[in-house]
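**Student:** Sharing input27.cif here; it has mmCIF, C-alpha atoms.
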data_my_file
loop_
_atom_site.label_atom_id
_atom_site.label_comp_id
_atom_site.auth_asym_id
_atom_site.auth_seq_id
_atom_site.Cartn_x
_atom_site.Cartn_y
_atom_site.Cartn_z
CA MET A 573 10.91 12.98 4.65
CA SER A 574 9.88 16.49 5.43
CA LEU A 575 6.53 16.26 3.68
CA LEU A 576 3.21 17.24 5.18
CA THR A 577 1.29 14.16 6.25
CA TYR A 578 -2.06 13.34 7.85
CA PRO A 579 -2.17 11.69 11.30
CA VAL A 580 -2.43 7.92 10.87
CA ALA A 581 -4.39 5.49 13.04
CA ARG A 582 -3.46 1.83 13.30
CA ILE A 583 -5.89 -1.06 13.70
CA ASP A 584 -5.27 -3.45 16.62
CA GLY A 585 -1.51 -3.70 16.08
CA LYS A 586 -2.12 -5.16 12.60
CA LEU A 587 -0.39 -3.92 9.46
CA THR A 588 -3.52 -1.96 8.67
CA PHE A 589 -3.76 1.80 8.93
CA TYR A 590 -6.23 4.49 8.04
CA PHE A 591 -6.29 8.24 7.83
CA VAL A 592 -8.72 10.93 6.81
CA SER A 593 -8.20 13.09 3.74
CA GLU A 594 -9.84 16.44 4.45
CA ASN A 595 -10.86 18.83 1.71
CA PRO A 596 -10.96 22.32 3.23
CA PHE A 597 -13.29 23.51 0.46
CA SER A 598 -15.85 20.73 0.14
CA GLY A 599 -15.50 19.57 3.75
CA ASN A 600 -15.89 15.98 2.56
CA PRO A 601 -13.70 13.61 4.55
CA ILE A 602 -12.44 10.59 2.60
CA TYR A 603 -11.21 7.63 4.62
CA LYS A 604 -8.01 6.13 3.23
CA VAL A 605 -6.85 2.62 4.03
CA VAL A 606 -3.25 1.34 3.91
CA THR A 607 -2.38 -2.32 4.37
CA TYR A 608 0.67 -4.54 4.11
CA GLY A 609 -0.32 -8.08 3.14
CA PRO A 610 1.69 -11.02 1.81
CA LEU A 611 1.97 -11.26 -1.96
CA ILE A 612 3.71 -13.79 -4.19
CA LYS A 613 5.34 -12.30 -7.28
CA TYR A 614 7.59 -14.26 -9.62
CA GLY A 615 7.84 -16.89 -6.91
CA VAL A 616 9.02 -14.46 -4.23
CA ILE A 617 7.00 -13.44 -1.19
CA TYR A 618 6.74 -9.71 -0.58
CA TYR A 619 4.52 -7.50 1.51
CA ASN A 620 2.17 -5.72 -0.83
CA LEU A 621 1.41 -2.14 0.09
CA GLY A 622 -2.32 -1.87 -0.53
CA PHE A 623 -3.88 1.55 -0.61
CA GLY A 624 -7.36 2.80 -1.39
CA ASP A 625 -10.53 4.52 -0.26
CA TYR A 626 -13.11 3.15 2.14
CA ASP A 627 -16.41 2.90 0.30
CA GLU A 628 -19.15 3.58 2.80
CA ILE A 629 -21.81 2.12 0.50
CA THR A 630 -20.22 -1.31 0.09
CA GLY A 631 -18.47 -1.15 3.47
CA LEU A 632 -15.25 -2.29 1.76
CA ALA A 633 -11.93 -0.72 0.84
CA ASN A 634 -11.43 -0.07 -2.87
CA ASP A 635 -8.06 0.53 -4.52
CA LYS A 636 -9.66 1.65 -7.78
CA ALA A 637 -11.77 4.48 -6.43
CA ILE A 638 -10.96 7.88 -7.86
CA SER A 639 -11.39 10.62 -5.31
CA ASN A 640 -10.16 14.09 -5.96
CA ASN A 641 -9.81 15.94 -2.72
CA GLY A 642 -6.95 18.05 -4.08
CA ASP A 643 -4.39 16.62 -1.68
CA MET A 644 -2.84 13.72 -3.58
CA ARG A 645 0.70 14.69 -2.63
CA LYS A 646 -0.14 14.84 1.08
CA ILE A 647 -2.00 11.52 0.80
CA LEU A 648 0.94 9.75 -0.83
CA ALA A 649 3.36 11.25 1.69
CA THR A 650 1.11 9.86 4.44
CA VAL A 651 1.13 6.43 2.81
CA VAL A 652 4.93 6.59 2.62
CA SER A 653 5.06 7.53 6.33
CA THR A 654 3.59 4.12 7.22
CA LEU A 655 6.72 2.47 5.76
CA LYS A 656 8.58 3.65 8.85
CA VAL A 657 6.24 1.67 11.08
CA PHE A 658 6.40 -1.36 8.81
CA PHE A 659 10.19 -1.48 8.70
CA THR A 660 10.53 -0.90 12.43
CA GLU A 661 8.71 -4.20 12.92
CA HIS A 662 9.83 -6.04 9.78
CA PRO A 663 13.32 -4.73 9.01
CA SER A 664 14.25 -7.66 6.74
CA GLU A 665 11.13 -7.73 4.59
CA VAL A 666 10.58 -6.17 1.18
CA VAL A 667 7.58 -4.01 0.34
CA HIS A 668 5.96 -4.32 -3.08
CA ILE A 669 4.26 -1.26 -4.57
CA GLU A 670 2.20 -1.40 -7.73
CA GLY A 671 -0.50 1.04 -8.78
CA SER A 672 -3.85 -0.54 -9.61
CA ASP A 673 -3.98 1.46 -12.85
CA LYS A 674 -1.72 3.55 -15.07
CA THR A 675 -2.52 6.83 -13.27
CA ARG A 676 -1.55 5.38 -9.91
CA LYS A 677 1.54 3.67 -11.32
CA ASP A 678 2.63 7.01 -12.81
CA TYR A 679 1.96 8.81 -9.55
CA TYR A 680 3.98 6.35 -7.47
CA HIS A 681 6.87 6.73 -9.91
CA LYS A 682 6.58 10.50 -9.76
CA LEU A 683 6.55 10.48 -5.98
CA ILE A 684 9.73 8.44 -5.85
CA ASN A 685 11.36 10.57 -8.56
CA ASP A 686 10.43 13.83 -6.84
CA TYR A 687 11.58 12.75 -3.40
CA TRP A 688 14.37 10.47 -4.50
CA TYR A 689 17.02 12.17 -2.39
CA ASN A 690 14.87 11.85 0.76
CA ILE A 691 13.81 8.28 0.04
CA GLN A 692 17.20 6.86 -0.91
CA GLU A 693 18.68 8.03 2.40
CA LEU A 694 16.49 5.53 4.26
CA TYR A 695 15.40 2.93 1.74
CA PHE A 696 16.82 0.73 -0.99
CA VAL A 697 14.49 1.02 -3.99
CA GLN A 698 14.34 -1.40 -6.91
CA GLY A 699 12.20 -1.46 -10.02
CA CYS A 700 11.05 -4.68 -11.67
CA ASN A 701 9.96 -5.45 -15.22
CA ASN A 702 9.20 -8.99 -16.44
CA GLY A 703 10.75 -10.49 -13.35
CA VAL A 704 14.04 -8.61 -13.76
CA LYS A 705 14.95 -6.36 -10.84
CA GLU A 706 17.30 -3.41 -10.98
CA VAL A 707 18.17 -0.46 -8.79
CA PHE A 708 15.45 2.12 -9.33
CA GLN A 709 16.48 4.52 -12.09
CA LYS A 710 14.91 7.93 -12.12
CA GLY A 711 12.75 8.37 -15.20
CA MET A 712 12.33 4.62 -15.82
CA LYS A 713 8.89 2.97 -15.74
CA TYR A 714 8.51 -0.27 -13.85
CA GLU A 715 5.82 -2.90 -13.53
CA PHE A 716 6.23 -2.68 -9.77
CA ILE A 717 8.56 -1.15 -7.22
CA LEU A 718 10.30 -2.88 -4.32
CA ILE A 719 11.39 -1.05 -1.19
CA SER A 720 13.57 -2.42 1.57
CA LEU A 721 15.39 -0.87 4.47
CA LYS A 722 18.79 0.44 3.51
CA LYS A 723 21.54 -1.48 5.23
CA SER A 724 23.90 0.89 6.97
CA MET B 578 6.26 7.19 14.93
CA PRO B 579 3.74 8.39 12.40
CA ALA B 580 1.00 5.98 13.50
CA LEU B 581 -1.15 7.59 16.14
CA SER B 582 -4.30 6.47 17.85
CA PRO B 583 -7.31 8.65 17.14
CA LYS B 584 -7.69 11.10 20.02
CA LYS B 585 -11.27 12.20 19.37
CA PRO B 586 -14.39 10.04 19.54
CA LEU B 587 -15.09 8.29 16.24
CA ASN B 588 -18.04 9.35 14.14
CA SER B 589 -20.38 6.65 12.87
CA GLN B 590 -18.64 6.20 9.52
CA GLU B 591 -15.20 6.02 11.10
CA ALA B 592 -16.48 3.54 13.71
CA LYS B 593 -17.88 1.38 10.87
CA LEU B 594 -14.52 1.53 9.09
CA VAL B 595 -12.59 0.56 12.22
CA LYS B 596 -14.99 -2.33 12.85
CA TYR B 597 -14.52 -3.54 9.28
CA LEU B 598 -10.72 -3.24 9.33
CA SER B 599 -10.57 -5.03 12.69
CA SER B 600 -12.53 -7.95 11.29
CA VAL B 601 -10.45 -8.73 8.19
CA LYS B 602 -6.92 -9.92 7.55
CA GLU B 603 -4.50 -7.54 5.88
CA GLU B 604 -4.34 -9.66 2.71
CA ASP B 605 -8.13 -9.69 2.38
CA ILE B 606 -8.55 -5.94 2.25
CA PHE B 607 -7.20 -5.53 -1.29
CA PRO B 608 -7.20 -9.18 -2.38
CA GLU B 609 -7.54 -8.78 -6.14
CA LYS B 610 -3.86 -8.29 -6.96
CA ASN B 611 -2.81 -11.12 -4.68
CA LYS B 612 -5.35 -13.45 -6.26
CA LYS B 613 -4.18 -12.52 -9.74
CA ALA B 614 -0.57 -13.26 -8.80
CA VAL B 615 -1.51 -16.65 -7.34
CA GLU B 616 -3.60 -17.44 -10.43
CA ASN B 617 -0.61 -16.66 -12.63
CA LEU B 618 1.64 -18.90 -10.55
CA LEU B 619 -0.94 -21.66 -10.76
CA LYS B 620 -1.25 -21.28 -14.56
CA ALA B 621 2.52 -21.32 -14.94
CA GLY B 622 2.70 -24.50 -12.84
CA LEU B 623 4.91 -22.83 -10.24
CA ILE B 624 2.53 -23.78 -7.44
CA LYS B 625 0.11 -26.68 -7.12
CA GLU B 626 -3.53 -26.72 -6.04
CA ASP B 627 -2.62 -28.06 -2.61
CA GLN B 628 -0.23 -25.13 -2.09
CA LEU B 629 -2.89 -22.50 -2.54
CA PRO B 630 -3.11 -20.11 0.38
CA GLU B 631 -6.20 -20.46 2.54
CA TRP B 632 -7.48 -16.96 1.68
CA PHE B 633 -7.39 -17.80 -2.03
CA THR B 634 -10.00 -20.54 -1.83
CA ARG B 635 -12.16 -18.90 0.81
CA PRO B 636 -15.62 -18.04 -0.66
#
Output the file's structure as structure tokens, nothing else.

**Tutor:**
Amino acid sequence: MSLLTYPVARIDGKLTFYFVSENPFSGNPIYKVVTYGPLIKYGVIYYNLGFGDYDEITGLANDKAISNNGDMRKILATVVSTLKVFFTEHPSEVVHIEGSDKTRKDYYHKLINDYWYNIQELYFVQGCNNGVKEVFQKGMKYEFILISLKKS
Amino acid sequence: MPALSPKKPLNSQEAKLVKYLSSVKEEDIFPEKNKKAVENLLKAGLIKEDQLPEWFTRP
């Protein structure tokens, strides 16, 4: 994908990454955390792509925080860039993506819709509703999205 | 590869974040969704109490 992304740092070889969202106007850096952890959904084990802000007050990551640094597109493109690392190491696994609220769900759908031609070159994308999976259809809304490496 | 090591010294907040992320498992960073899914499986009888993952019962 030829999208602008932030540099990403990885933690100790784990499937945990972080990057810094910089607002050129406010100058407030926001630390973003991306993880891939096991998740059971409808009896199937996936790797859930977790994504959120680091809350310096609680000292924890929070996937419900709403930060508006004006760079959502660059942030999501950076999150997507970590898929490359994940699939290099886990080529047979499936990544589960589900927004923690309607806004995030809508944004993930929009990202895939907007960059569908870039994404579908590398990845096989499915949408799932009520346990029924189908090939991701542009314009459809899904409960969650599954991404796997496209078999050549 | 998009994942790069930070090249500059970490500020205090970033150092705190790295320390935190180093100390937890991936599945414990955003555990809520995972827990909800396991709870649903448990309610539906698709898994039993003795099949619960270790992180689910951890206080």

**Student:** Can you give me, as a ChimeraX atom specification, the residues this file yields under the PyMOL selection byres ((chain A and resi 642-648) around 12)?

**Tutor:** /A:573-580,590-606,621,623-625,638-641,649-655,671,675-676,679-684,686-687

**Student:** With only C-alpha atoms as the atoms that count, which of B:Ala592, B:Leu629, B:Leu623, B:Leu587 lies nearest to chain A?

**Tutor:**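 Smallest separation from chain A among the options: B:Leu623.
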
**Student:** Could you tell me which of B:Lys620, B:Glu626, B:Pro586, B:Leu598 comes closest to chain A if we count only C-alpha atoms?

**Tutor:**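 Going through B:Lys620, B:Glu626, B:Pro586, B:Leu598 one by one, the smallest distance to chain A is for B:Leu598.
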
**Student:** As an exercise, work out the distance from CA of Ile669 in chain A to CA of Arg582 in chain A in Å and give it to one decimal place.

**Tutor:**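 Those two atoms sit 19.7 Å apart.
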
**Student:** I need the output of the PyMOL selection byres ((chain A) within 8 of (chain B)) for this file as an NGL selection string; which residues are they?

**Tutor:** :A and (579-584 or 586-589 or 603 or 607-615 or 622-623 or 626 or 628 or 631-635 or 653-654 or 656-657)

**Student:** How many Å separate CA of Lys723 in chain A from CA of Gln709 in chain A?

**Tutor:** 19.0 Å

**Student:** Mind pulling up the distance from CA of Ser720 in chain A to CA of Glu706 in chain A?

**Tutor:**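 Answer for the CA of Glu706 in chain A to CA of Ser720 in chain A separation: 13.1 Å.
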
**Student:** Taking all listed atoms of range 613-630 of chain B, build the axis-aligned box, pad each of the six sides by 4 Å, then write its centre and edge lengths in Å to one decimal as JSON.

**Tutor:**
{"center_x": 0.4, "center_y": -20.3, "center_z": -7.3, "size_x": 17.1, "size_y": 23.5, "size_z": 23.3}

**Student:** Do you know which residues the PyMOL selection byres ((chain A and resi 715) around 12) returns on this file, as a ChimeraX atom specification?

**Tutor:** /A:613,668-674,676-678,680-681,698-706,708,712-714,716-718
